[in-house]
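What follows is upload06.txt (compact mmCIF, C-alpha atoms).
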# COMPACT_ATOMS: atom_id res chain seq x y z
CA MET A 1 0.00 0.00 0.00
CA ALA A 2 1.28 3.47 -0.86
CA LEU A 3 2.39 5.53 2.12
CA PHE A 4 0.82 8.79 0.88
CA GLY A 5 -2.96 9.07 0.69
CA THR A 6 -5.09 11.83 -0.75
CA ASP A 7 -3.88 14.30 1.89
CA GLY A 8 -0.41 13.30 3.03
CA VAL A 9 0.44 10.39 5.35
CA ARG A 10 -2.23 9.56 7.91
CA GLY A 11 -2.89 6.82 10.46
CA LEU A 12 -3.07 5.84 14.11
CA ALA A 13 -0.27 7.61 15.99
CA ASN A 14 2.11 5.00 17.41
CA GLY A 15 0.27 2.47 15.28
CA PRO A 16 1.46 2.64 11.69
CA LEU A 17 2.44 6.30 12.17
CA THR A 18 5.48 6.05 14.45
CA ALA A 19 8.24 8.46 15.43
CA ASP A 20 10.67 6.32 13.40
CA LEU A 21 8.52 6.67 10.30
CA ALA A 22 8.17 10.44 10.83
CA LEU A 23 11.93 10.86 11.20
CA THR A 24 12.71 8.77 8.11
CA LEU A 25 10.03 10.55 6.09
CA ALA A 26 11.53 13.92 7.06
CA GLN A 27 15.02 12.78 6.06
CA ALA A 28 13.71 11.59 2.68
CA THR A 29 11.86 14.88 2.22
CA ALA A 30 15.11 16.77 2.77
CA VAL A 31 16.79 14.61 0.11
CA VAL A 32 14.08 15.16 -2.51
CA LEU A 33 13.01 18.75 -1.84
CA GLY A 34 16.57 19.85 -1.15
CA GLN A 35 17.38 19.27 -4.81
CA GLY A 36 16.50 21.29 -7.89
CA ARG A 37 17.62 24.50 -9.52
CA ILE A 38 16.39 26.90 -6.83
CA ALA A 39 17.69 24.81 -3.94
CA GLU A 40 21.08 24.40 -5.57
CA ALA A 41 21.29 28.14 -6.28
CA ARG A 42 20.55 28.90 -2.63
CA LYS A 43 23.25 26.51 -1.49
CA ALA A 44 25.72 28.03 -3.96
CA ALA A 45 24.93 31.46 -2.51
CA GLY A 46 25.75 30.18 0.95
CA LYS A 47 22.12 30.10 2.10
CA ARG A 48 20.86 27.20 4.18
CA LEU A 49 17.73 25.20 3.39
CA THR A 50 14.80 26.20 5.62
CA ALA A 51 11.54 24.48 6.52
CA VAL A 52 8.49 25.55 8.53
CA VAL A 53 6.99 22.93 10.86
CA ALA A 54 3.64 23.28 12.68
CA ARG A 55 1.03 20.98 14.23
CA ASP A 56 -2.50 20.83 15.54
CA PRO A 57 -2.97 20.38 19.31
CA ARG A 58 -3.47 16.59 19.48
CA ILE A 59 -1.02 15.16 21.99
CA SER A 60 0.76 12.84 19.54
CA GLY A 61 1.75 15.89 17.53
CA GLN A 62 4.39 16.63 20.15
CA PHE A 63 6.49 13.53 19.54
CA LEU A 64 5.77 13.44 15.81
CA SER A 65 6.80 17.06 15.25
CA ALA A 66 9.93 16.43 17.34
CA ALA A 67 10.76 13.45 15.11
CA VAL A 68 10.14 15.45 11.92
CA GLU A 69 12.30 18.31 13.17
CA ALA A 70 15.06 15.86 14.14
CA GLY A 71 14.96 14.27 10.70
CA LEU A 72 15.18 17.63 8.95
CA ALA A 73 17.88 19.10 11.20
CA SER A 74 19.97 15.93 10.92
CA SER A 75 19.80 16.43 7.14
CA GLY A 76 21.14 19.99 7.31
CA VAL A 77 17.79 21.80 7.11
CA ASP A 78 17.11 24.75 9.42
CA VAL A 79 13.71 24.36 11.06
CA LEU A 80 11.36 27.14 12.12
CA ASP A 81 9.00 25.62 14.69
CA ALA A 82 5.70 27.50 14.38
CA GLY A 83 4.00 25.58 17.20
CA THR A 84 0.23 25.04 17.05
CA LEU A 85 -1.25 26.65 13.93
CA PRO A 86 -3.80 25.79 11.22
CA THR A 87 -2.69 23.94 8.11
CA PRO A 88 -3.36 26.97 5.85
CA ALA A 89 -1.22 29.11 8.16
CA THR A 90 1.68 26.73 7.60
CA ALA A 91 1.19 26.93 3.84
CA PHE A 92 1.04 30.74 3.97
CA LEU A 93 4.17 31.07 6.11
CA ILE A 94 6.24 28.92 3.76
CA GLY A 95 5.61 31.42 0.97
CA ASP A 96 5.74 34.45 3.24
CA ILE A 97 9.31 33.81 4.41
CA ASP A 98 10.41 32.08 1.17
CA ALA A 99 11.13 28.78 2.95
CA ASP A 100 12.14 25.78 0.86
CA PHE A 101 9.27 23.61 2.11
CA GLY A 102 7.16 22.90 5.19
CA VAL A 103 5.51 20.14 7.19
CA MET A 104 2.17 20.14 9.01
CA ILE A 105 1.42 17.49 11.65
CA SER A 106 -2.34 16.97 11.67
CA ALA A 107 -5.10 14.47 10.97
CA SER A 108 -7.63 17.21 10.18
CA HIS A 109 -11.16 16.11 11.19
CA ASN A 110 -10.09 12.63 12.39
CA PRO A 111 -10.38 11.70 16.09
CA ALA A 112 -7.51 12.42 18.49
CA PRO A 113 -5.73 9.02 18.36
CA ASP A 114 -5.01 9.56 14.64
CA ASN A 115 -2.43 11.91 13.23
CA GLY A 116 -0.89 12.78 9.89
CA ILE A 117 2.02 14.41 8.10
CA LYS A 118 1.34 16.87 5.28
CA ILE A 119 4.26 18.16 3.24
CA PHE A 120 4.17 21.44 1.31
CA ALA A 121 6.63 22.48 -1.38
CA ARG A 122 8.10 25.95 -1.94
CA GLY A 123 5.35 28.56 -2.05
CA GLY A 124 3.13 26.52 0.29
CA VAL A 125 1.66 24.26 -2.38
CA LYS A 126 0.77 20.60 -2.01
CA LEU A 127 3.09 18.05 -3.56
CA PRO A 128 2.30 16.40 -6.91
CA ASP A 129 1.85 12.62 -6.83
CA LEU A 130 5.19 12.12 -8.58
CA VAL A 131 7.11 14.03 -5.90
CA GLU A 132 5.36 12.08 -3.13
CA GLN A 133 6.40 8.89 -4.90
CA ARG A 134 10.02 10.09 -5.05
CA ILE A 135 9.99 10.87 -1.32
CA GLU A 136 8.58 7.43 -0.54
CA GLU A 137 11.31 5.81 -2.62
CA ALA A 138 13.98 7.96 -0.95
CA MET A 139 13.01 6.60 2.46
CA ALA A 140 14.91 3.42 1.60
CA GLY A 141 17.94 5.25 0.15
CA GLU A 142 20.95 7.14 1.43
CA LYS A 143 20.24 10.05 3.76
CA LEU A 144 22.01 13.39 4.05
CA ARG A 145 24.32 13.23 7.05
CA PRO A 146 26.15 16.54 7.51
CA THR A 147 28.37 17.05 10.53
CA GLY A 148 29.65 19.91 12.64
CA GLY A 149 28.26 23.30 11.73
CA ASP A 150 26.45 21.92 8.70
CA VAL A 151 23.66 20.27 10.69
CA GLY A 152 20.38 22.12 10.87
CA ARG A 153 19.18 24.41 13.65
CA VAL A 154 15.73 24.23 15.25
CA VAL A 155 14.42 27.61 16.40
CA ARG A 156 11.05 28.96 17.47
CA PHE A 157 9.11 30.84 14.78
CA ALA A 158 8.16 33.55 17.25
CA ASP A 159 5.88 35.74 15.11
CA ALA A 160 4.26 32.96 13.05
CA GLU A 161 0.72 33.51 14.37
CA ASP A 162 0.97 37.30 14.07
CA ARG A 163 2.12 37.08 10.45
CA TYR A 164 -0.81 34.84 9.58
CA ALA A 165 -3.39 36.99 11.40
CA ILE A 166 -2.13 40.18 9.73
CA HIS A 167 -2.37 38.45 6.34
CA LEU A 168 -5.98 37.41 7.01
CA LEU A 169 -7.02 40.90 8.11
CA ALA A 170 -5.34 42.50 5.10
CA SER A 171 -7.42 40.29 2.78
CA LEU A 172 -10.78 41.53 4.03
CA PRO A 173 -12.88 43.68 1.68
CA HIS A 174 -15.05 44.90 4.57
CA ARG A 175 -14.80 44.98 8.37
CA LEU A 176 -17.14 42.97 10.61
CA ASP A 177 -18.24 45.80 12.90
CA GLY A 178 -21.71 45.23 14.33
CA LEU A 179 -21.69 41.48 13.62
CA HIS A 180 -22.03 38.89 16.41
CA VAL A 181 -20.24 35.67 15.46
CA VAL A 182 -20.05 32.35 17.29
CA LEU A 183 -16.87 30.41 16.51
CA ASP A 184 -16.52 26.65 17.02
CA CYS A 185 -12.81 25.88 16.81
CA ALA A 186 -13.15 22.08 17.25
CA HIS A 187 -10.62 22.22 20.13
CA GLY A 188 -8.19 22.38 17.24
CA ALA A 189 -5.43 24.38 15.62
CA ALA A 190 -7.49 27.57 15.20
CA SER A 191 -8.45 27.85 18.87
CA GLY A 192 -6.13 30.81 19.39
CA VAL A 193 -5.80 32.58 16.06
CA SER A 194 -9.41 32.45 14.83
CA PRO A 195 -11.14 34.24 17.76
CA GLU A 196 -8.33 36.81 17.90
CA THR A 197 -8.60 37.58 14.19
CA PHE A 198 -12.39 37.84 14.13
CA ARG A 199 -12.26 40.26 17.08
CA ASN A 200 -9.58 42.34 15.39
CA ALA A 201 -11.80 42.48 12.31
CA GLY A 202 -14.50 44.16 14.42
CA ALA A 203 -16.84 41.30 15.28
CA LYS A 204 -18.33 40.54 18.66
CA VAL A 205 -17.18 36.95 19.22
CA THR A 206 -18.55 34.10 21.30
CA VAL A 207 -16.29 31.04 21.34
CA ILE A 208 -16.96 27.34 21.87
CA GLY A 209 -14.67 24.38 21.26
CA ALA A 210 -11.50 26.35 21.93
CA ASP A 211 -10.02 24.56 24.95
CA PRO A 212 -7.72 21.92 23.46
CA ASP A 213 -6.23 19.43 25.92
CA GLY A 214 -4.54 17.16 23.38
CA ILE A 215 -7.27 14.51 23.31
CA ASN A 216 -10.54 16.40 22.77
CA ILE A 217 -9.92 17.61 19.20
CA ASN A 218 -13.06 17.17 17.02
CA ASP A 219 -14.81 15.44 19.95
CA GLY A 220 -18.45 16.41 19.48
CA VAL A 221 -17.52 19.84 18.16
CA GLY A 222 -16.32 21.45 14.94
CA SER A 223 -17.45 21.22 11.35
CA THR A 224 -18.43 17.54 11.64
CA HIS A 225 -20.69 18.20 14.68
CA LEU A 226 -22.72 21.36 14.10
CA ASP A 227 -25.48 20.85 16.70
CA LYS A 228 -23.66 22.65 19.52
CA LEU A 229 -22.79 25.59 17.29
CA ALA A 230 -26.38 25.93 16.06
CA ALA A 231 -27.71 25.83 19.62
CA GLU A 232 -25.21 28.44 20.81
CA VAL A 233 -25.99 30.80 17.93
CA VAL A 234 -29.68 30.69 18.80
CA ARG A 235 -29.02 30.93 22.55
CA VAL A 236 -26.91 34.11 22.36
CA GLY A 237 -28.82 35.65 19.44
CA ALA A 238 -25.77 35.77 17.16
CA ASP A 239 -25.87 36.66 13.46
CA VAL A 240 -23.57 33.88 12.19
CA GLY A 241 -21.92 30.70 13.42
CA ILE A 242 -18.62 29.51 11.94
CA ALA A 243 -17.25 25.99 12.45
CA HIS A 244 -13.70 24.83 11.74
CA ASP A 245 -12.29 21.31 11.74
CA GLY A 246 -9.21 20.19 13.66
CA ASP A 247 -6.64 21.83 11.39
CA ALA A 248 -8.95 24.66 10.24
CA ASP A 249 -8.65 24.07 6.51
CA ARG A 250 -12.44 23.95 6.19
CA CYS A 251 -15.38 26.10 7.21
CA LEU A 252 -19.09 25.44 7.57
CA ALA A 253 -21.61 27.94 8.89
CA VAL A 254 -25.03 28.27 10.49
CA ASP A 255 -27.38 31.22 10.18
CA ALA A 256 -29.18 33.06 12.98
CA THR A 257 -31.89 30.39 13.13
CA GLY A 258 -29.35 27.56 13.46
CA ALA A 259 -29.83 26.33 9.88
CA VAL A 260 -26.69 24.89 8.27
CA VAL A 261 -24.98 26.78 5.45
CA ASP A 262 -22.76 24.22 3.74
CA GLY A 263 -19.77 24.60 1.45
CA ASP A 264 -21.91 24.89 -1.67
CA LYS A 265 -23.88 27.81 -0.26
CA ILE A 266 -20.73 29.46 1.06
CA MET A 267 -19.14 29.21 -2.40
CA ALA A 268 -22.29 30.65 -4.00
CA ILE A 269 -22.24 33.66 -1.65
CA LEU A 270 -18.51 34.26 -2.11
CA ALA A 271 -18.69 33.83 -5.89
CA LEU A 272 -21.35 36.52 -6.20
CA ALA A 273 -19.43 38.84 -3.85
CA MET A 274 -16.17 38.34 -5.76
CA LYS A 275 -17.87 38.87 -9.11
CA ARG A 276 -19.38 42.11 -7.85
CA ARG A 277 -15.91 43.35 -6.84
CA GLY A 278 -14.30 42.15 -10.08
CA HIS A 279 -12.25 39.52 -8.20
CA LEU A 280 -13.67 36.36 -9.82
CA PRO A 281 -11.36 35.49 -12.75
CA ALA A 282 -13.25 34.42 -15.90
CA ASP A 283 -16.44 34.56 -13.81
CA THR A 284 -15.76 30.91 -12.98
CA LEU A 285 -16.18 28.76 -9.87
CA VAL A 286 -14.53 25.32 -9.52
CA ALA A 287 -16.48 22.63 -7.66
CA THR A 288 -16.50 18.83 -7.42
CA VAL A 289 -19.01 16.39 -8.87
CA MET A 290 -20.62 16.16 -5.41
CA SER A 291 -21.70 19.79 -5.36
CA ASN A 292 -25.47 20.17 -5.46
CA LEU A 293 -27.30 20.83 -8.70
CA GLY A 294 -28.71 23.92 -7.01
CA LEU A 295 -25.23 25.46 -7.01
CA HIS A 296 -24.95 25.01 -10.78
CA ARG A 297 -28.41 26.53 -11.28
CA ALA A 298 -27.71 29.53 -9.04
CA MET A 299 -24.38 30.28 -10.69
CA ALA A 300 -25.83 30.00 -14.20
CA ALA A 301 -28.59 32.42 -13.25
CA ASN A 302 -25.95 34.94 -12.20
CA GLY A 303 -23.62 34.59 -15.18
CA ILE A 304 -21.05 32.40 -13.45
CA LYS A 305 -19.63 29.24 -15.01
CA VAL A 306 -18.99 26.15 -12.87
CA GLU A 307 -16.01 23.93 -13.70
CA THR A 308 -16.38 20.41 -12.25
CA THR A 309 -13.64 18.12 -10.93
CA ALA A 310 -13.29 14.78 -9.18
CA VAL A 311 -13.85 14.70 -5.41
CA GLY A 312 -10.92 16.07 -3.41
CA ASP A 313 -9.59 19.56 -2.79
CA ARG A 314 -6.33 18.69 -4.55
CA TYR A 315 -8.25 18.19 -7.81
CA VAL A 316 -10.09 21.46 -7.28
CA LEU A 317 -6.78 23.23 -6.76
CA GLU A 318 -5.23 21.60 -9.84
CA ARG A 319 -8.08 22.88 -12.03
CA MET A 320 -7.91 26.32 -10.43
CA ASN A 321 -4.19 26.52 -11.17
CA GLU A 322 -4.67 25.31 -14.74
CA GLY A 323 -7.36 27.89 -15.48
CA ARG A 324 -6.02 30.57 -13.13
CA PHE A 325 -9.39 30.66 -11.40
CA GLY A 326 -9.88 32.43 -8.09
CA LEU A 327 -12.49 30.41 -6.19
CA GLY A 328 -13.17 26.72 -5.75
CA GLY A 329 -14.05 24.13 -3.17
CA GLU A 330 -16.19 21.33 -1.88
CA GLN A 331 -19.56 20.86 -0.25
CA SER A 332 -17.69 19.75 2.90
CA GLY A 333 -16.36 23.27 3.44
CA HIS A 334 -12.90 23.14 1.86
CA VAL A 335 -12.95 26.51 0.09
CA ILE A 336 -9.90 27.84 -1.76
CA MET A 337 -9.52 31.55 -2.45
CA SER A 338 -6.38 31.56 -4.58
CA GLU A 339 -5.86 35.33 -4.35
CA TYR A 340 -4.99 34.84 -0.69
CA ALA A 341 -4.22 31.16 -0.11
CA THR A 342 -2.69 28.09 -1.73
CA THR A 343 -5.00 25.66 0.07
CA GLY A 344 -8.39 25.56 1.77
CA ASP A 345 -8.48 28.03 4.67
CA GLY A 346 -11.38 27.87 7.11
CA VAL A 347 -10.53 31.07 8.95
CA LEU A 348 -10.11 33.04 5.71
CA THR A 349 -13.38 31.61 4.35
CA GLY A 350 -15.28 32.44 7.53
CA LEU A 351 -13.96 35.99 7.60
CA HIS A 352 -14.93 36.67 3.98
CA LEU A 353 -18.37 35.11 4.46
CA CYS A 354 -19.00 37.35 7.48
CA ALA A 355 -17.61 40.35 5.59
CA GLU A 356 -20.28 39.89 2.93
CA VAL A 357 -22.99 39.67 5.60
CA ALA A 358 -21.70 42.90 7.16
CA ARG A 359 -21.33 44.69 3.81
CA SER A 360 -24.69 43.71 2.38
CA GLY A 361 -26.77 44.35 5.49
CA LYS A 362 -28.56 41.07 4.73
CA THR A 363 -28.82 38.08 7.01
CA LEU A 364 -26.81 34.97 6.20
CA ALA A 365 -30.10 33.17 5.48
CA GLU A 366 -31.01 35.82 2.92
CA LEU A 367 -27.62 35.54 1.21
CA ALA A 368 -27.80 31.73 1.20
CA SER A 369 -31.26 31.80 -0.39
CA VAL A 370 -29.59 32.55 -3.75
CA MET A 371 -29.22 28.79 -4.00
CA GLU A 372 -32.07 26.29 -3.88
CA VAL A 373 -30.80 22.95 -2.57
CA PHE A 374 -32.04 19.95 -4.51
CA PRO A 375 -32.79 16.89 -2.32
CA GLN A 376 -29.80 14.56 -2.46
CA VAL A 377 -29.62 10.84 -1.59
CA LEU A 378 -26.32 8.98 -1.30
CA ILE A 379 -26.26 5.17 -1.03
CA ASN A 380 -22.98 3.33 -0.47
CA VAL A 381 -23.31 -0.07 -2.12
CA LYS A 382 -20.78 -2.15 -0.21
CA GLY A 383 -19.23 -5.51 -1.06
CA VAL A 384 -19.19 -5.02 -4.82
CA GLU A 385 -16.28 -4.59 -7.19
CA ARG A 386 -15.49 -0.94 -7.88
CA SER A 387 -15.59 -1.74 -11.60
CA ARG A 388 -19.37 -2.13 -11.26
CA ALA A 389 -19.58 1.65 -11.64
CA THR A 390 -18.61 1.25 -15.31
CA ASP A 391 -20.46 -2.01 -16.00
CA ALA A 392 -22.60 -1.75 -19.14
CA ASP A 393 -25.88 -2.62 -17.36
CA VAL A 394 -25.18 -0.13 -14.57
CA VAL A 395 -24.22 2.64 -16.98
CA ALA A 396 -27.36 2.00 -19.03
CA ALA A 397 -29.55 2.13 -15.90
CA ALA A 398 -27.91 5.38 -14.81
CA ALA A 399 -28.45 6.90 -18.26
CA LEU A 400 -32.13 5.90 -18.16
CA ALA A 401 -32.55 7.41 -14.68
CA SER A 402 -30.80 10.60 -15.78
CA SER A 403 -33.10 10.85 -18.80
CA GLU A 404 -36.13 10.36 -16.56
CA LEU A 405 -35.03 13.16 -14.22
CA GLY A 406 -34.21 15.53 -17.07
CA ASP A 407 -33.01 18.95 -15.96
CA THR A 408 -34.70 18.57 -12.56
CA GLY A 409 -32.17 16.08 -11.23
CA ARG A 410 -28.81 14.41 -11.53
CA VAL A 411 -27.24 10.95 -11.22
CA LEU A 412 -23.68 10.15 -10.19
CA LEU A 413 -21.96 6.77 -9.84
CA ARG A 414 -18.57 6.83 -8.15
CA PRO A 415 -16.34 3.91 -7.14
CA SER A 416 -14.68 4.14 -3.74
CA GLY A 417 -10.98 4.86 -3.87
CA THR A 418 -10.15 2.44 -1.03
CA GLU A 419 -12.97 -0.08 -0.50
CA PRO A 420 -15.00 -2.59 -2.56
CA MET A 421 -17.89 -0.16 -2.83
CA VAL A 422 -19.76 2.00 -5.34
CA ARG A 423 -21.41 5.25 -4.29
CA VAL A 424 -24.77 6.04 -5.87
CA MET A 425 -25.82 9.70 -5.63
CA VAL A 426 -29.11 11.04 -6.94
CA GLU A 427 -30.54 14.55 -6.83
CA ALA A 428 -34.16 15.27 -7.73
CA SER A 429 -36.87 17.85 -7.25
CA THR A 430 -38.32 15.90 -4.30
CA GLN A 431 -36.79 13.75 -1.57
CA GLU A 432 -39.11 10.87 -2.44
CA GLU A 433 -38.07 10.82 -6.08
CA ALA A 434 -34.38 11.03 -5.21
CA GLN A 435 -34.75 8.13 -2.76
CA ARG A 436 -36.65 5.98 -5.24
CA VAL A 437 -34.21 6.48 -8.10
CA ALA A 438 -31.19 5.95 -5.83
CA GLU A 439 -32.57 2.70 -4.45
CA GLU A 440 -33.38 1.43 -7.95
CA LEU A 441 -29.86 2.20 -9.16
CA ALA A 442 -28.30 0.69 -6.03
CA ALA A 443 -30.22 -2.54 -6.73
CA VAL A 444 -28.78 -2.65 -10.26
CA VAL A 445 -25.27 -2.12 -8.89
CA ARG A 446 -25.77 -4.98 -6.39
CA GLY A 447 -27.15 -7.19 -9.15
Can you give me the file's structure in the form of structure tokens?
Amino acid sequence: MALFGTDGVRGLANGPLTADLALTLAQATAVVLGQGRIAEARKAAGKRLTAVVARDPRISGQFLSAAVEAGLASSGVDVLDAGTLPTPATAFLIGDIDADFGVMISASHNPAPDNGIKIFARGGVKLPDLVEQRIEEAMAGEKLRPTGGDVGRVVRFADAEDRYAIHLLASLPHRLDGLHVVLDCAHGAASGVSPETFRNAGAKVTVIGADPDGININDGVGSTHLDKLAAEVVRVGADVGIAHDGDADRCLAVDATGAVVDGDKIMAILALAMKRRGHLPADTLVATVMSNLGLHRAMAANGIKVETTAVGDRYVLERMNEGRFGLGGEQSGHVIMSEYATTGDGVLTGLHLCAEVARSGKTLAELASVMEVFPQVLINVKGVERSRATDADVVAAAALASSELGDTGRVLLRPSGTEPMVRVMVEASTQEEAQRVAEELAAVVRG
């Protein structure tokens, strides 16, 4: 099995993800990312290779970040330890100080026993598959073993959080004065920087889920558990609720009534705001195949094209880079604003969403009403070969269902990337019709 998954290396800390593995992975990263024209030019100019390392607050991040830093320093790389910060902050800082690469220790929305290692290249961008493969191969090869004064130094990145917060505030098109916001930080990496930045932007802030103890990350709070946020918004009479996940690379919201505003609706609101300001390149939004049909309809009605990719924020980012588009994301709340970030940034997204509420004078519910959500049913058909998604009988049944729904619905068949399973997704004008069509297609897949 390949070491790298869709978002770095992830697994049970001290299970498959050990300190030994983290150290060896860091050494191999120094070998691979310490090469190339720019790296060699820096060395020739007498400059040392530099990496930014940060983590989320889960307790295993302490020994894993220590192992990563040891592996890098033993390879001659100077390490700036940024402490506990969101993943997008790490990506930003790499570019901001012109570091050679960076490493984030986090398992995002996973429970506390898990952890992960995400590696970013120069500029704070995610690694291509080919580079990940080269790093994996280098783990079994010769390591860099400098001695004396050539070994790397590990120093505290003292102003890392301040740099990131200033960057976020500078991106805002409008202050948040007069807005009451509830923040759910998932007891995660944004527990310090998100409330501080929202307050500095002018908002009145109520905070929940911002007391990390190393083992409570994502535990009943954050973007995967919105009930507490919705209840708190209603209880305190706030205007908006913003939820992050453990490493704060995603954002979901709730309106003043406690109703959920998902990634699709957030993208719709931001796309219209950016188009109005002339900041939406080619009047185009990039979304995945899982985005609701209602998003496509709303964008078309407002003169915005939607480019569609496979599921995964890395595919969204690839298409954005190819087309030089400015906004993209997923229904799950990974939203990328490429003018300000190289990856999904939940704090940035939340700030810009609230800025549009403050600017427009409308409620979040009113802004979100630009998009009508079509009922969506997802059935995971387990225990079948993934190739069933392209079987002739299944494809024919899906085509018939799609024809039956016409322009009032949509059908999607998607094989799982890791399990013997095919996902059947159907959208229709009513919940009953979506359920019926999905169940009929699932039966064909099982057949």
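Rounded to one decimal, atom CA of A:Arg436 and atom CA of A:Ile379 lie 11.2 Å from each other.
One distance worth recording is that between atom CA of A:Ala89 and atom CA of A:Glu161, which is 7.9 Å.
The coordinates place atom CA of A:Pro212 at 19.5 Å from atom CA of A:Gly241.
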Shell of 8 Å around A:Asp100, all atoms listed in the file, local chain residues under 3 positions omitted, as a list in words: Leu33, Gly34, Ala39, Leu49, Thr50, Ala51, Ile94, Ala121, Arg122 and Gly123 of chain A
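The nearest approach to A:Gly149 among the residues A:Ser65, A:Ser74, A:Ser191, A:Asn218, with only C-alpha atoms taken into account, belongs to A:Ser74.
Of the listed residues (A:Thr257, A:Thr147, A:Asn380, A:Thr84), A:Thr84 comes nearest to A:Gly61; the distances count all atoms listed in the file.
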